[in-house]
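Pasted below: query22.cif, mmCIF, C-alpha atoms and all ligand atoms.
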```cif
data_data
#
loop_
_atom_site.label_atom_id
_atom_site.label_comp_id
_atom_site.auth_asym_id
_atom_site.auth_seq_id
_atom_site.Cartn_x
_atom_site.Cartn_y
_atom_site.Cartn_z
CA MET A 1 -8.51 -20.01 12.22
CA PRO A 2 -12.05 -18.66 11.91
CA GLY A 3 -12.67 -15.21 10.43
CA ARG A 4 -13.67 -13.52 7.21
CA PHE A 5 -10.43 -14.58 5.48
CA ALA A 6 -10.56 -18.22 6.59
CA LYS A 7 -9.30 -20.50 3.78
CA LYS A 8 -7.91 -17.48 1.88
CA VAL A 9 -4.27 -17.11 0.86
CA ALA A 10 -2.94 -13.56 0.56
CA ILE A 11 0.32 -12.16 -0.77
CA ILE A 12 0.95 -8.73 0.74
CA THR A 13 3.90 -6.91 -0.79
CA GLY A 14 5.85 -4.47 1.36
CA SER A 15 4.72 -6.28 4.51
CA SER A 16 8.03 -6.07 6.35
CA PHE A 17 6.93 -2.71 7.79
CA GLY A 18 4.25 -0.03 7.97
CA ILE A 19 0.89 -0.47 6.27
CA GLY A 20 1.84 -3.84 4.78
CA ARG A 21 2.86 -5.30 8.15
CA GLU A 22 -0.41 -4.18 9.73
CA THR A 23 -2.38 -5.59 6.78
CA ALA A 24 -0.62 -8.96 7.06
CA LEU A 25 -1.38 -9.02 10.77
CA LEU A 26 -5.05 -8.11 10.31
CA PHE A 27 -5.56 -10.66 7.53
CA ALA A 28 -3.83 -13.39 9.57
CA LYS A 29 -5.91 -12.56 12.67
CA GLU A 30 -9.00 -12.92 10.49
CA GLY A 31 -7.98 -16.38 9.31
CA ALA A 32 -5.89 -15.81 6.17
CA LYS A 33 -2.69 -17.60 5.32
CA VAL A 34 -0.32 -14.74 4.50
CA THR A 35 2.90 -14.35 2.55
CA VAL A 36 4.99 -11.58 4.08
CA THR A 37 7.69 -9.98 1.97
CA GLY A 38 10.21 -7.15 1.71
CA ARG A 39 13.96 -6.80 1.30
CA ASN A 40 15.09 -6.00 4.83
CA GLU A 41 15.66 -9.13 6.96
CA GLU A 42 15.45 -7.24 10.26
CA ARG A 43 12.12 -5.68 9.31
CA LEU A 44 10.84 -9.07 8.15
CA GLU A 45 11.79 -10.48 11.54
CA GLY A 46 9.72 -7.67 13.10
CA THR A 47 6.62 -8.75 11.18
CA LYS A 48 7.27 -12.39 12.05
CA LYS A 49 7.45 -11.45 15.74
CA ALA A 50 4.19 -9.50 15.47
CA LEU A 51 2.50 -12.55 13.94
CA ILE A 52 3.87 -14.87 16.63
CA ASP A 53 2.84 -12.43 19.37
CA ALA A 54 -0.67 -12.43 17.90
CA GLY A 55 -0.79 -16.22 18.22
CA ILE A 56 -0.66 -16.94 14.48
CA PRO A 57 0.63 -20.49 13.90
CA GLU A 58 3.66 -21.01 11.63
CA SER A 59 1.43 -22.98 9.25
CA ASN A 60 -0.42 -19.72 8.46
CA TYR A 61 2.43 -17.46 7.43
CA LEU A 62 5.37 -17.51 5.06
CA ILE A 63 8.25 -15.03 5.00
CA VAL A 64 9.87 -14.46 1.59
CA PRO A 65 12.71 -11.94 1.37
CA ALA A 66 12.48 -10.42 -2.13
CA ASP A 67 13.03 -7.23 -4.10
CA ILE A 68 9.64 -6.71 -5.74
CA THR A 69 11.19 -4.77 -8.64
CA THR A 70 13.05 -7.87 -9.86
CA SER A 71 11.63 -10.70 -11.89
CA ALA A 72 13.41 -13.24 -9.68
CA GLY A 73 11.92 -11.65 -6.53
CA GLN A 74 8.39 -11.69 -7.96
CA ASP A 75 8.74 -15.29 -9.15
CA SER A 76 10.03 -16.58 -5.81
CA LEU A 77 7.22 -14.81 -3.98
CA ILE A 78 4.61 -16.53 -6.13
CA SER A 79 6.23 -19.97 -6.34
CA GLU A 80 6.99 -20.16 -2.60
CA THR A 81 3.41 -19.13 -1.80
CA LEU A 82 2.05 -21.85 -4.08
CA ASN A 83 4.49 -24.42 -2.63
CA LYS A 84 3.40 -23.74 0.94
CA PHE A 85 -0.29 -22.84 0.56
CA GLY A 86 -1.28 -24.33 -2.83
CA LYS A 87 -3.27 -21.33 -4.14
CA ILE A 88 -3.58 -17.52 -4.15
CA ASN A 89 -6.84 -15.68 -3.36
CA ILE A 90 -5.68 -12.14 -2.64
CA LEU A 91 -2.84 -9.95 -3.91
CA VAL A 92 -2.19 -6.68 -2.07
CA ASN A 93 0.23 -4.57 -4.12
CA ASN A 94 1.36 -2.38 -1.24
CA ALA A 95 5.15 -2.01 -1.66
CA GLY A 96 5.94 1.53 -2.73
CA ALA A 97 7.95 4.61 -1.87
CA SER A 98 8.89 8.11 -2.90
CA LEU A 99 12.55 7.47 -3.67
CA PRO A 100 15.12 10.24 -3.18
CA ASP A 101 16.89 11.79 -6.15
CA ALA A 102 20.51 10.64 -6.49
CA GLN A 103 21.62 14.23 -7.22
CA LYS A 104 19.54 15.49 -4.26
CA LYS A 105 17.47 17.68 -6.58
CA PHE A 106 13.80 18.58 -6.24
CA GLY A 107 11.02 19.58 -8.59
CA ILE A 108 11.34 19.09 -12.31
CA ASP A 109 15.14 19.03 -11.99
CA GLN A 110 14.90 15.54 -10.53
CA GLY A 111 16.62 13.15 -12.91
CA VAL A 112 15.08 10.71 -15.35
CA ASP A 113 16.90 8.00 -13.39
CA THR A 114 14.72 8.95 -10.39
CA TYR A 115 11.61 8.86 -12.59
CA GLU A 116 12.57 5.37 -13.79
CA LYS A 117 13.19 3.87 -10.37
CA VAL A 118 10.04 5.44 -8.87
CA MET A 119 7.93 4.10 -11.76
CA LYS A 120 9.57 0.69 -11.56
CA LEU A 121 8.69 0.26 -7.89
CA ASN A 122 5.27 1.93 -7.74
CA VAL A 123 3.86 0.97 -11.14
CA GLN A 124 5.90 -1.58 -13.09
CA SER A 125 6.16 -4.05 -10.22
CA VAL A 126 2.37 -3.88 -9.81
CA ILE A 127 1.84 -4.53 -13.51
CA GLU A 128 4.22 -7.48 -13.44
CA MET A 129 2.75 -8.97 -10.26
CA THR A 130 -0.77 -8.57 -11.68
CA GLN A 131 0.21 -10.40 -14.87
CA LYS A 132 1.96 -13.20 -13.00
CA VAL A 133 -0.71 -13.78 -10.34
CA ARG A 134 -3.61 -13.46 -12.80
CA PRO A 135 -3.99 -17.18 -13.66
CA HIS A 136 -4.02 -18.11 -9.98
CA LEU A 137 -6.59 -15.44 -9.12
CA ALA A 138 -8.72 -16.45 -12.10
CA LYS A 139 -8.80 -19.96 -10.66
CA SER A 140 -9.73 -18.77 -7.16
CA LYS A 141 -11.97 -15.83 -8.28
CA GLY A 142 -9.71 -13.60 -6.25
CA GLU A 143 -9.06 -9.99 -5.37
CA ILE A 144 -6.33 -7.43 -6.00
CA VAL A 145 -6.00 -4.35 -3.80
CA ASN A 146 -3.44 -1.74 -4.84
CA VAL A 147 -2.09 0.86 -2.44
CA SER A 148 -1.90 4.27 -4.08
CA SER A 149 -1.90 7.70 -2.37
CA VAL A 150 -3.87 10.93 -2.10
CA VAL A 151 -1.02 12.53 -4.06
CA ALA A 152 -2.48 10.75 -7.10
CA LEU A 153 -5.47 13.09 -7.02
CA LYS A 154 -5.83 16.10 -9.28
CA PHE A 155 -3.43 18.62 -7.75
CA GLY A 156 0.26 19.31 -8.27
CA PHE A 157 2.98 18.11 -5.91
CA ALA A 158 6.03 20.04 -7.06
CA ARG A 159 8.70 18.84 -4.64
CA THR A 160 8.87 15.23 -5.85
CA PRO A 161 6.88 15.09 -9.09
CA TYR A 162 7.49 11.45 -10.06
CA TYR A 163 5.93 9.82 -7.00
CA PRO A 164 2.47 11.42 -7.56
CA LEU A 165 2.87 10.71 -11.25
CA ALA A 166 3.47 7.04 -10.47
CA LYS A 167 0.50 6.81 -8.09
CA ALA A 168 -1.80 8.53 -10.61
CA ALA A 169 -0.64 5.99 -13.20
CA LEU A 170 -1.38 3.23 -10.69
CA ASP A 171 -4.93 4.52 -10.21
CA GLN A 172 -5.50 4.56 -13.94
CA TYR A 173 -3.99 1.09 -14.31
CA THR A 174 -6.37 -0.12 -11.58
CA ARG A 175 -9.37 1.08 -13.59
CA SER A 176 -8.21 -0.54 -16.82
CA ALA A 177 -7.13 -3.79 -15.17
CA ALA A 178 -10.42 -3.93 -13.25
CA ILE A 179 -12.47 -3.99 -16.44
CA ASP A 180 -10.19 -6.54 -18.04
CA LEU A 181 -10.00 -8.89 -15.06
CA ILE A 182 -13.59 -8.81 -13.83
CA ALA A 183 -14.39 -10.86 -16.93
CA GLU A 184 -12.42 -13.63 -15.19
CA GLY A 185 -14.02 -12.98 -11.81
CA ILE A 186 -11.05 -11.05 -10.40
CA ARG A 187 -11.80 -7.76 -8.66
CA VAL A 188 -9.23 -4.93 -8.64
CA ASN A 189 -9.52 -1.85 -6.41
CA THR A 190 -7.31 0.74 -4.74
CA VAL A 191 -6.85 2.39 -1.36
CA ASN A 192 -5.39 5.92 -1.39
CA PRO A 193 -3.94 6.81 2.03
CA GLY A 194 -3.16 10.32 3.22
CA ILE A 195 -0.55 10.96 5.93
CA VAL A 196 0.13 7.69 7.76
CA GLN A 197 2.77 7.13 10.43
CA THR A 198 5.09 4.50 8.93
CA GLY A 199 8.67 4.28 7.68
CA PHE A 200 7.61 6.12 4.51
CA LEU A 201 8.75 9.63 5.46
CA GLY A 202 12.09 8.47 6.86
CA SER A 203 12.84 6.49 3.67
CA ALA A 204 11.79 9.37 1.42
CA THR A 205 13.69 12.12 3.26
CA GLY A 206 16.32 10.51 5.47
CA MET A 207 14.74 12.32 8.46
CA SER A 208 15.33 10.78 11.92
CA GLY A 209 12.57 8.90 13.74
CA ASP A 210 12.06 11.82 16.13
CA ALA A 211 11.87 14.36 13.30
CA CYS A 212 9.33 12.16 11.49
CA GLN A 213 7.22 11.88 14.64
CA GLU A 214 7.29 15.66 15.05
CA PHE A 215 6.14 16.02 11.44
CA TYR A 216 3.29 13.55 11.97
CA ASP A 217 2.25 15.29 15.20
CA ASN A 218 2.36 18.76 13.62
CA MET A 219 0.50 17.72 10.49
CA GLY A 220 -2.02 15.68 12.41
CA SER A 221 -2.86 18.49 14.82
CA ASN A 222 -3.34 21.03 12.01
CA PRO A 223 -6.97 20.77 10.86
CA SER A 224 -6.11 22.67 7.67
CA VAL A 225 -4.05 19.63 6.72
CA VAL A 226 -5.84 16.72 8.43
CA PRO A 227 -9.40 17.71 9.42
CA VAL A 228 -9.92 14.64 11.59
CA GLY A 229 -7.21 16.00 13.90
CA PHE A 230 -4.55 13.28 13.90
CA SER A 231 -2.20 11.53 11.49
CA GLY A 232 -3.27 8.13 10.25
CA ARG A 233 -2.06 4.83 11.66
CA PRO A 234 -1.27 1.75 9.56
CA ASP A 235 -4.35 -0.04 10.94
CA HIS A 236 -6.64 2.65 9.48
CA ILE A 237 -5.38 1.70 6.03
CA ALA A 238 -5.24 -2.05 6.72
CA LYS A 239 -8.97 -1.99 7.53
CA ALA A 240 -9.79 -0.29 4.22
CA ILE A 241 -7.63 -2.82 2.36
CA ALA A 242 -9.40 -5.67 4.17
CA PHE A 243 -12.80 -4.27 3.18
CA LEU A 244 -11.83 -4.28 -0.50
CA ALA A 245 -10.19 -7.71 -0.23
CA ASP A 246 -13.31 -9.24 1.33
CA ARG A 247 -15.81 -10.16 -1.36
CA ASP A 248 -18.68 -10.41 1.09
CA SER A 249 -18.16 -6.76 2.05
CA SER A 250 -17.39 -5.22 -1.32
CA GLU A 251 -18.48 -7.55 -4.12
CA TYR A 252 -20.07 -4.81 -6.24
CA ILE A 253 -17.08 -2.43 -6.02
CA ILE A 254 -14.91 -2.73 -9.12
CA GLY A 255 -11.96 -0.54 -10.10
CA GLN A 256 -12.61 2.12 -7.44
CA ASN A 257 -10.53 4.14 -5.00
CA ILE A 258 -11.16 4.40 -1.29
CA ILE A 259 -9.52 7.58 -0.03
CA ALA A 260 -8.45 7.08 3.61
CA ASP A 261 -6.87 10.40 4.55
CA GLY A 262 -8.66 11.90 7.56
CA GLY A 263 -10.14 14.48 5.20
CA THR A 264 -6.87 15.85 3.80
CA SER A 265 -7.98 15.76 0.18
CA LEU A 266 -11.10 17.79 1.04
CA VAL A 267 -9.15 20.82 2.26
CA LEU A 268 -6.11 21.04 0.01
CA GLY A 269 -5.11 24.49 -1.18
CA LEU A 270 -7.55 27.37 -0.89
CA HIS A 271 -9.10 26.26 2.38
CA ALA A 272 -5.74 26.30 4.17
CA GLN A 273 -5.31 30.02 3.44
CA PHE A 274 -8.52 31.10 5.18
CA PRO A 275 -8.65 31.88 8.90
CA ARG A 276 -10.43 29.07 10.70
CA GLN A 277 -13.90 29.63 12.09
CA PRO A 278 -13.95 29.95 15.86
CA ALA A 279 -15.36 26.74 17.34
CA SER A 280 -19.10 27.05 17.89
CA LYS A 281 -20.19 26.80 21.50
P1 LIG B 1 7.03 1.93 4.74
O1 LIG B 1 8.28 2.58 4.27
O2 LIG B 1 6.76 1.85 6.20
O3 LIG B 1 6.92 0.47 4.12
C1 LIG B 1 7.22 0.24 2.78
C2 LIG B 1 7.24 -1.24 2.52
O4 LIG B 1 7.55 -1.44 1.13
C3 LIG B 1 8.31 -1.94 3.34
O5 LIG B 1 7.83 -3.18 3.76
C4 LIG B 1 9.44 -2.11 2.33
O6 LIG B 1 10.19 -3.26 2.62
C5 LIG B 1 8.66 -2.31 1.04
N1 LIG B 1 9.47 -2.05 -0.15
C6 LIG B 1 9.92 -0.85 -0.60
N2 LIG B 1 10.67 -1.03 -1.70
C7 LIG B 1 10.68 -2.37 -1.95
C8 LIG B 1 11.28 -3.17 -2.93
N3 LIG B 1 12.04 -2.67 -3.92
N4 LIG B 1 11.10 -4.51 -2.88
C9 LIG B 1 10.36 -5.05 -1.88
N5 LIG B 1 9.75 -4.33 -0.92
C10 LIG B 1 9.93 -3.01 -0.96
O7 LIG B 1 5.87 2.74 4.01
P2 LIG B 1 4.27 2.60 4.05
O8 LIG B 1 3.84 1.44 4.85
O9 LIG B 1 3.75 3.92 4.38
O10 LIG B 1 4.01 2.36 2.50
C11 LIG B 1 3.09 1.40 2.01
C12 LIG B 1 2.39 1.96 0.80
O11 LIG B 1 1.58 3.06 1.21
C13 LIG B 1 3.33 2.49 -0.28
O12 LIG B 1 2.84 2.09 -1.55
C14 LIG B 1 3.23 4.00 -0.12
O13 LIG B 1 3.49 4.66 -1.34
C15 LIG B 1 1.79 4.14 0.31
N6 LIG B 1 1.45 5.39 0.98
C16 LIG B 1 1.98 5.72 2.21
C17 LIG B 1 1.63 6.90 2.83
C18 LIG B 1 2.16 7.31 4.15
O14 LIG B 1 1.97 8.48 4.55
N7 LIG B 1 2.80 6.45 4.90
C19 LIG B 1 0.70 7.85 2.18
C20 LIG B 1 0.18 7.40 0.92
C21 LIG B 1 0.56 6.22 0.36
P3 LIG B 1 11.79 -3.34 2.79
O15 LIG B 1 12.25 -2.05 3.36
O16 LIG B 1 11.97 -4.51 3.71
O17 LIG B 1 12.30 -3.61 1.42
#
```

What's the structure tokens form of this structure?
Ligand code: NDP
Amino acid sequence: MPGRFAKKVAIITGSSFGIGRETALLFAKEGAKVTVTGRNEERLEGTKKALIDAGIPESNYLIVPADITTSAGQDSLISETLNKFGKINILVNNAGASLPDAQKKFGIDQGVDTYEKVMKLNVQSVIEMTQKVRPHLAKSKGEIVNVSSVVALKFGFARTPYYPLAKAALDQYTRSAAIDLIAEGIRVNTVNPGIVQTGFLGSATGMSGDACQEFYDNMGSNPSVVPVGFSGRPDHIAKAIAFLADRDSSEYIIGQNIIADGGTSLVLGLHAQFPRQPASK
């Protein structure tokens, strides 16, 4: 298929739903051969259907059920991609979540077991995938795009402290890895989304679909939270990921963050406490 990702092979982790699914779809529409992955078979079927509905031929996608936090899952993802497509040009480390505390605690009372599993998913799996895909990306002069969060920025997030900690660590890892890997021609960058309507909130809180939608609508319509006036959609983030994964568009960007948050990070804290200016006529 023609397009800016023609002849490129991309592994997109966490592509059974949300931002990852939309990224897989966008890349495939723009010519990439994509490996779609996640643990949940039903969700994976949903991404497969979206690809078929978009007219993507079976020769251009591969579905690999895998837990990205396991060595076996990572290895099968890479080996099955190489078996079907023969190379890897792009790795999008998108799988991630704010995992609930087993004891249902919040703040600094959340257990070290929660810290460990949040770090394993959001940071360790990225480190391991980066190490394992490195030789293939060195060969193809490829790209890595990590998906972080605005919660990685320099403010506290008391309710669930380990998720922002993990994303801040991911940002710092991106910078270090970017210097290391550019010597081999591999670019590493990050996208930091704000509030985006996906399965994220439901997984993190157990809230129902309706309650999540109400949250997204309320947050999105509050300009003290999201100045642009609406919650983000997965395609907003997919487009930023595609920009960083496309060397023609972003060749000179190395180890940077693109914050895609509708302005949320510009107004955190103090601003929210002030009465809003009446709209000028
Ligand atoms: P979703 O919950 O909609 O999707 C998460 C994806 O990650 C799913 O495909 C899920 O697959 C996969 N995943 C989670 N754990 C594992 C695992 N152990 N092994 C394999 N796959 C896994 O959330 P989003 O699309 O929103 O999240 C994508 C990224 O965006 C994450 O890194 C998240 O931290 C980040 N982000 C999201 C924001 C938001 O508001 N939505 C804001 C800021 C950042 P499956 O369930 O099939 O295992």

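Between atom CA of Ser231 of chain A and atom CA of Asp261 of chain A the interatomic distance comes to 8.4 Å.
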
Could you produce a table of the residues of segment 111-209 of chain A lying within 8 Å of segment 18-37 of chain A, with the nearest pair of atoms per residue and their separation in Å rounded to one decimal, using all atoms listed in the file, ordered by chain and increasing residue number, as CSV?
```
residue,atom,partner,partner_atom,distance
A:Gln197,CA,A:Gly18,CA,7.7
A:Thr198,CA,A:Gly18,CA,4.7
A:Gly199,CA,A:Gly18,CA,6.2
A:Phe200,CA,A:Gly18,CA,7.8
```

Exercise answer, 6 Å around ligand LIG 1 (chain B) with only C-alpha atoms and all ligand atoms, as a ChimeraX atom specification: /A:14-20,38-40,43,66-69,94-97,121,147-149,193-200

Separation of atom CA of Pro135 of chain A from atom CA of Asn89 of chain A in Å: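 Going from atom CA of Asn89 of chain A over to atom CA of Pro135 of chain A covers 10.8 Å.
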
Nearby residues (all atoms listed in the file) at most 12 Å from Gly232 of chain A, same-chain spacing under 2 positions excluded, as a PyMOL selection string: chain A and resi 18-19+193-198+213+216-217+219-221+226-230+234-239+260-264

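Of the residues under consideration (A:Ser176, A:Thr160, A:Gln256, A:Gln131), A:Thr160 shows the shortest atom-to-atom contact distance to Val118 of chain A when counting all atoms listed in the file.
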
Shortest interatomic distance to Ser250 of chain A - which of A:Arg233, A:Lys7, A:Lys141, A:Arg187, counting all atoms listed in the file: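 Going through A:Arg233, A:Lys7, A:Lys141, A:Arg187 one by one, the smallest distance to Ser250 of chain A is for A:Arg187.
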
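Computed from the coordinates, the atom CA of Gly142 of chain A to atom CA of Lys87 of chain A distance equals 10.3 Å.
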
Exercise: residues within 8 Å of coordinate (15.0, -14.1, 5.0), counting all atoms listed in the file, as a ChimeraX atom specification: /A:41,44,63-65

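For the set A:Ser98, A:Phe85, A:Asp210, A:Val151, the residue with the smallest atom-to-atom gap to Glu58 of chain A is A:Phe85, counting all atoms listed in the file.
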
Residue nearest Ile11 of chain A among A:Ala245, A:Met119, A:Leu201, A:Ile108 (counting only C-alpha atoms):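 Nearest to Ile11 of chain A: A:Ala245.
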
Residue with smallest distance to Leu99 of chain A - pool A:Leu62, A:Leu137, A:Met129, A:Ala204, counting all atoms listed in the file: A:Ala204

Can you give me all heavy atoms for segment 204-214 of chain A, written as an mmCIF file, in the coordinates of the input?
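For reference, selection-v2.cif as written:
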```
data_model
loop_
_atom_site.group_PDB
_atom_site.id
_atom_site.type_symbol
_atom_site.label_atom_id
_atom_site.label_comp_id
_atom_site.auth_asym_id
_atom_site.auth_seq_id
_atom_site.Cartn_x
_atom_site.Cartn_y
_atom_site.Cartn_z
ATOM 1 N N ALA A 204 11.858 8.376 2.499
ATOM 2 C CA ALA A 204 11.790 9.370 1.420
ATOM 3 C C ALA A 204 12.752 10.535 1.672
ATOM 4 O O ALA A 204 13.291 11.112 0.725
ATOM 5 C CB ALA A 204 10.362 9.894 1.280
ATOM 6 N N THR A 205 12.950 10.888 2.962
ATOM 7 C CA THR A 205 13.690 12.120 3.260
ATOM 8 C C THR A 205 14.980 11.905 4.021
ATOM 9 O O THR A 205 15.794 12.819 4.103
ATOM 10 C CB THR A 205 12.804 13.045 4.138
ATOM 11 O OG1 THR A 205 12.547 12.366 5.372
ATOM 12 C CG2 THR A 205 11.495 13.396 3.464
ATOM 13 N N GLY A 206 15.153 10.738 4.625
ATOM 14 C CA GLY A 206 16.320 10.510 5.470
ATOM 15 C C GLY A 206 16.163 11.154 6.851
ATOM 16 O O GLY A 206 17.106 11.176 7.640
ATOM 17 N N MET A 207 14.975 11.693 7.158
ATOM 18 C CA MET A 207 14.740 12.320 8.460
ATOM 19 C C MET A 207 14.816 11.271 9.579
ATOM 20 O O MET A 207 14.460 10.117 9.364
ATOM 21 C CB MET A 207 13.354 12.983 8.497
ATOM 22 C CG MET A 207 13.313 14.375 7.857
ATOM 23 S SD MET A 207 11.634 14.864 7.369
ATOM 24 C CE MET A 207 10.774 14.913 8.923
ATOM 25 N N SER A 208 15.241 11.700 10.772
ATOM 26 C CA SER A 208 15.330 10.780 11.920
ATOM 27 C C SER A 208 13.921 10.389 12.380
ATOM 28 O O SER A 208 12.933 11.060 12.038
ATOM 29 C CB SER A 208 16.061 11.459 13.070
ATOM 30 O OG SER A 208 15.226 12.478 13.610
ATOM 31 N N GLY A 209 13.859 9.344 13.190
ATOM 32 C CA GLY A 209 12.570 8.900 13.740
ATOM 33 C C GLY A 209 11.876 10.008 14.512
ATOM 34 O O GLY A 209 10.662 10.214 14.384
ATOM 35 N N ASP A 210 12.651 10.743 15.321
ATOM 36 C CA ASP A 210 12.060 11.820 16.130
ATOM 37 C C ASP A 210 11.521 12.942 15.235
ATOM 38 O O ASP A 210 10.435 13.479 15.480
ATOM 39 C CB ASP A 210 13.112 12.420 17.083
ATOM 40 C CG ASP A 210 13.374 11.496 18.253
ATOM 41 O OD1 ASP A 210 12.626 10.506 18.402
ATOM 42 O OD2 ASP A 210 14.341 11.753 18.997
ATOM 43 N N ALA A 211 12.299 13.284 14.210
ATOM 44 C CA ALA A 211 11.870 14.360 13.300
ATOM 45 C C ALA A 211 10.601 13.939 12.553
ATOM 46 O O ALA A 211 9.681 14.748 12.342
ATOM 47 C CB ALA A 211 12.985 14.697 12.317
ATOM 48 N N CYS A 212 10.541 12.664 12.168
ATOM 49 C CA CYS A 212 9.330 12.160 11.490
ATOM 50 C C CYS A 212 8.131 12.262 12.424
ATOM 51 O O CYS A 212 7.051 12.706 12.027
ATOM 52 C CB CYS A 212 9.511 10.710 11.040
ATOM 53 S SG CYS A 212 10.663 10.503 9.682
ATOM 54 N N GLN A 213 8.337 11.844 13.690
ATOM 55 C CA GLN A 213 7.220 11.880 14.640
ATOM 56 C C GLN A 213 6.718 13.305 14.833
ATOM 57 O O GLN A 213 5.510 13.550 14.887
ATOM 58 C CB GLN A 213 7.659 11.266 15.983
ATOM 59 C CG GLN A 213 6.496 10.942 16.905
ATOM 60 C CD GLN A 213 5.446 10.040 16.250
ATOM 61 O OE1 GLN A 213 5.778 8.986 15.733
ATOM 62 N NE2 GLN A 213 4.187 10.475 16.230
ATOM 63 N N GLU A 214 7.678 14.249 14.891
ATOM 64 C CA GLU A 214 7.290 15.660 15.050
ATOM 65 C C GLU A 214 6.458 16.111 13.839
ATOM 66 O O GLU A 214 5.447 16.793 13.991
ATOM 67 C CB GLU A 214 8.564 16.502 15.166
ATOM 68 C CG GLU A 214 8.315 17.866 15.787
ATOM 69 C CD GLU A 214 9.596 18.696 15.847
ATOM 70 O OE1 GLU A 214 10.703 18.130 15.968
ATOM 71 O OE2 GLU A 214 9.460 19.934 15.739
#
```
